[in-house]
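This report refers to the structure that appears directly beneath it.
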Amino acid sequence: MTISPSTELDPGVSRQSLSHAEYLALKRFPALDGLRAIAALMVVVFHNQGPDWLQGWIGVQIFFVISGFLITTLMLREEDRAGQISFRKFYARRIFRILPVYFVLLGVTLVAQFFHGDLTKSPPGSELPMYLFFFNEFGHGGAYGQSWSLGIEQKFYLFWPLLAFSAVLVQRKAKFGGRIGLTLVLMAILLAIVPLSMGSDPRGWSVHYFSILVGCLVAILMHNPRTYALFRPLTRPWVACTAAAAFLVIHATVQFWAAFIEKYQLAGEVPGFIAVPPPYVVLVGFLLLPALLANAFPQRLLSTRPFVFLGERSYSIYLVQLIAHGAVAGIYLLFGASLIKTPVPWLPVTLMSIVMAHLCYRWVEKPMITVGKRFIGRRMA
């Protein structure tokens, strides 16, 4: 996951705890690519009769935390370099990075719906304005239903830079405290809204914005040398390994805690799948992300080429999963087999998703990112 033009980690990073200067010198967070790969594959496997313990539904929350962390870190570092961020460049990068694949796959889905004769009978065709303007989370699922998370992220990308980097703070000395205050206030409001959303569809929609803000908060805290000291112990190799192992254990118990909360109504009318994400994403942001920056086994594992390869294609893997499911189902039908009766449908669907995502990455994502860079370069010139 590149955060500046360099392509490698600084080889001089300490093998002990990571100092703030060393953190700022990191040009890449490759382990976060690996984490994105795992999150995307969790979702695909879970949606295709994979093991229940994966709990892929919460893998999307990992995406949200990483997005908030990365976007905010990018803007903070740009502000340090240039004195302010360029909103034009920021939005141009988002447009050329996110929209091309999204709309290509939406188009493929609509064409498939047309040939199946249900273009106007079920989403996304029956709710096309929602998908065109990124209000997907208020739709009703369907053949492109997994894109609901893009509705959350796109609206967040639209407003967060304006709130945190232009309208909130005027004097430079107040920026850190102001951003912390803004983030905490927004997080509190979003949690307070959750019980009020129980009668709406979707229920608990504000929780997802809370998840992104956790990543933003961690980015702000880690960028400041004083508050970075809170995270530095987690960058010691042995602590990082312990933290990563503890997180795996916690993740494996997510299903238990969701059921426990519902059984005893610990969150009132809020169901477990909505009550679990807030504490879960806090652990992702404040425990797992710092641990993955340490020069330790978890970071080295998730920085290997297979994980980075999948992480770079994770966006497309996530979006293409239902198309891949349909393609595999069609292949099974050609051979007289039913996908539903297959004992491990998640394996062929996952492999098909990776293949399709690679084609999207090669033919759509990378070319359009290059076009975006040229566009930004011309505008700046």
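Simple scheme: letters A, B, ... for chains in structure tokens order, numbers from 1 for residues in each chain, numbers from 1 for ligands in the order shown.
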
**OP:** Name all residues at most 9 Å from A:Ile38 (count only C-alpha atoms; drop same-chain ones fewer than 2 positions away) and give them as a ChimeraX atom specification.
**Re:** /A:33-36,40-43,59,307,310-311,314

Original post:
Which of these, A:Thr109, A:Gln55, A:Gln299, A:Gln265, has the shortest distance to A:Cys241 once you count only C-alpha atoms?
Top reply: A:Gln299

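Between atom CA of A:Pro277 and atom CA of A:Tyr318 the separation is 19.2 Å.
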
**OP:** Compile the contact shell of A:Val218 as number ranges by chain: residues with an atom at most 12 Å away, counting only C-alpha atoms, same-chain residues fewer than 6 positions apart removed.
**Re:** A: 65-73, 179-180, 183-184, 211-212, 224, 227-228, 230-231, 281-290

**OP:** From stretch 154-289 of chain A, collect each residue whose DSSP state is helix (DSSP H, G or I) and return the set as an NGL selection string.
**Re:** :A and (154-167 or 172-197 or 206-223 or 225-228 or 232-235 or 237-252 or 254-263 or 272-275 or 277-289)

**OP:** Can you work out the spacing between atom CA of A:Gly178 and atom CA of A:Ser19 in Å, to one decimal?
**Re:**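 Rounded to one decimal, the two atoms are 24.6 Å apart.
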
Original post:
Which neighbours of stretch 345-355 of chain A fall inside 9 Å, counting only C-alpha atoms, when residues of the same chain fewer than 3 positions from it are skipped, and could you give them as a PyMOL selection string?
Top reply: chain A and resi 41+44-50+310+313-314+316-329+339-342+358-360
